[in-house]
Every structure is written in C-alpha cells, then in structure tokens.
Amino acid sequence: MARALRWFLLGALSLGATTPGRSLELNGQSYFTQPPWRVEFTNYDWLVDQGGPEYFFTVSLAQNAGADLGGLVITQTSGSDQTFWIDPTQTTAFFGRPRQEGTAIPVRAQFHEQKRIMRVEFPEPPPAGSTLTVVLRPPNNPSLNDLYLFAVEALPAGPNPAAAPLGFARMEILDDWGR
C-alpha cells in the first residue's frame, strides 16, 4: 500500500510539474523536471579591444521542462583579462537565435565584477518549449588575447531555484596578427 501511494504521489508531482508556468518545488526549492542541457554561444567580434561586441548565449527549453526559465547565471571561469567590464544595463534578450531575432524579453541583470558573474533574471519568464538568446554587450572585447570560458547555468522560475548547468561558452579573442 505504501509503495502504491509513493508511485501515486510521484505521478501527481510529475503531472503538476509539467504544467506551464509552474516548477517542481521540493523542500522550498524550484527545479526543472527536464532541464535545458546546453548553451550555444556566438560572437562575431573576436579581436582584442574591439569596440561594441555582442556575446550571444542561446538556450532552448524542452516542452516538458516542467518550469519556465527564471534566469541565467554566466560566470567567467578563465581568460587572461579579468577586468573587462560587462555593462548590465546593456543586457537584452529575445526569442530566437542570433540574426533571427524575435520578440524582446524583459530582463534584469547584475554584474559582480570581482567574481566575474553576470546574473540575468526574467521578470516575465520565457515558457517551456521556447528558444531564447541573452545578449551581453561589453564596451570592448578583453584587452588580452586568450581563450575565455564562461560557465552557464539555467534557473527555473520559482522560489529558491536550483541551477541546472548548461556547460561552457568558449570565446577566443585574438590579436590582429594572431588570425
């Protein structure tokens, strides 16, 4: 009997978790039931100190993600220039992919310069089943050529979100002569 009750509760939880706009909540923490599993990174400007670059982070949510997307956490984990500024007020997002821009998505962004963490939150969370792109716009590319890595995590909408790792965005910055 206890076993049947456990299966019933697990089934009810999974049905409730796949309702659009709701997340699976356990012990006061929100989870994806089918988290996104990767990030696609695009950068069309790869020269040292190049002005006005745009860094595109694209994420696709499964239809059965179990939660809308509450935000992304993007952390610079390597690269020689640990001081280049990423302006959170210039951060934007849209449905779609780079060069196939759809409807804009409102964002709130914070950049912790010492920890090299950009946190992007969606006041109106994009729904499960959508593909969206977050655009970071630093004034300039890093001042040192190197391979820069950014760890990316997705946050489900809901209280106390449990981050789902999406992997690393890889950005190579070159000198003019290093092409």
# chains A, B, ... in the order shown; residues from 1 in each chain; ligands from 1
$ residues_around --residues "Ala151 (chain A)" --least-positions-apart "6" --cutoff "10 Å" --atoms "only C-alpha atoms" --output "list in words"
Val39, Val73, Ile74, Thr75, Gln76, Thr77, Ser78, Ile117, Pro165, Leu166, Gly167, Phe168, Ala169 and Arg170 of chain A
$ closest_atom_pairs --of "region 40-122 of chain A" --to "region 27-36 of chain A" --cutoff "9 Å" --atoms "only C-alpha atoms" --output "Markdown table"
| residue | atom | partner | partner_atom | distance |
| --- | --- | --- | --- | --- |
| A:Val59 | CA | A:Pro36 | CA | 7.2 |
| A:Ser60 | CA | A:Pro36 | CA | 6.3 |
| A:Leu61 | CA | A:Pro36 | CA | 5.3 |
| A:Ala62 | CA | A:Pro36 | CA | 6.6 |
| A:Gln63 | CA | A:Gln34 | CA | 8.7 |
| A:Asn64 | CA | A:Gln34 | CA | 6.1 |
| A:Ala65 | CA | A:Gln34 | CA | 4.2 |
| A:Gly66 | CA | A:Thr33 | CA | 4.9 |
| A:Ala67 | CA | A:Phe32 | CA | 5.5 |
| A:Asp68 | CA | A:Phe32 | CA | 8.3 |
| A:Leu69 | CA | A:Phe32 | CA | 9.0 |
$ residues_around --residues "Arg99 (chain A)" --least-positions-apart "4" --cutoff "12 Å" --atoms "only C-alpha atoms" --output "VMD selection string"
chain A and resid 42 to 44 54 56 58 94 to 95 133 135
$ closest_residue --among "A:Arg97, A:Gly129, A:Ala163, A:Asp49" --to "Asp175 (chain A)" --atoms "only C-alpha atoms"
A:Asp49
$ select_by_dssp --residues "chain A" --states "alpha helix (DSSP H)" --output "PyMOL selection string"
chain A and resi 2-17
$ select_by_dssp --residues "chain A" --states "strand (DSSP E)" --output "ChimeraX atom specification"
/A:24-26,29-31,40-43,55-60,69-78,92-97,100-104,108-112,117-121,131-136,146-156,164-173
$ closest_residue --among "A:Pro139, A:Asp87, A:Gly70, A:Met118" --to "Pro106 (chain A)" --atoms "only C-alpha atoms"
A:Gly70
$ atom_distance --atom1 "CA of Thr83 (chain A)" --atom2 "CA of Glu113 (chain A)"
7.4 Å
$ closest_residue --among "A:Glu153, A:Gly71, A:Pro161, A:Pro126" --to "Arg38 (chain A)" --atoms "only C-alpha atoms"
A:Glu153
$ closest_residue --among "A:Pro53, A:Pro156, A:Gly79, A:Gly96" --to "Thr131 (chain A)" --atoms "only C-alpha atoms"
A:Gly96
$ atom_distance --atom1 "CA of Val120 (chain A)" --atom2 "CA of Thr91 (chain A)"
8.2 Å
$ closest_residue --among "A:Glu40, A:Trp85, A:Asp146, A:Asn140" --to "Pro98 (chain A)" --atoms "only C-alpha atoms"
A:Glu40
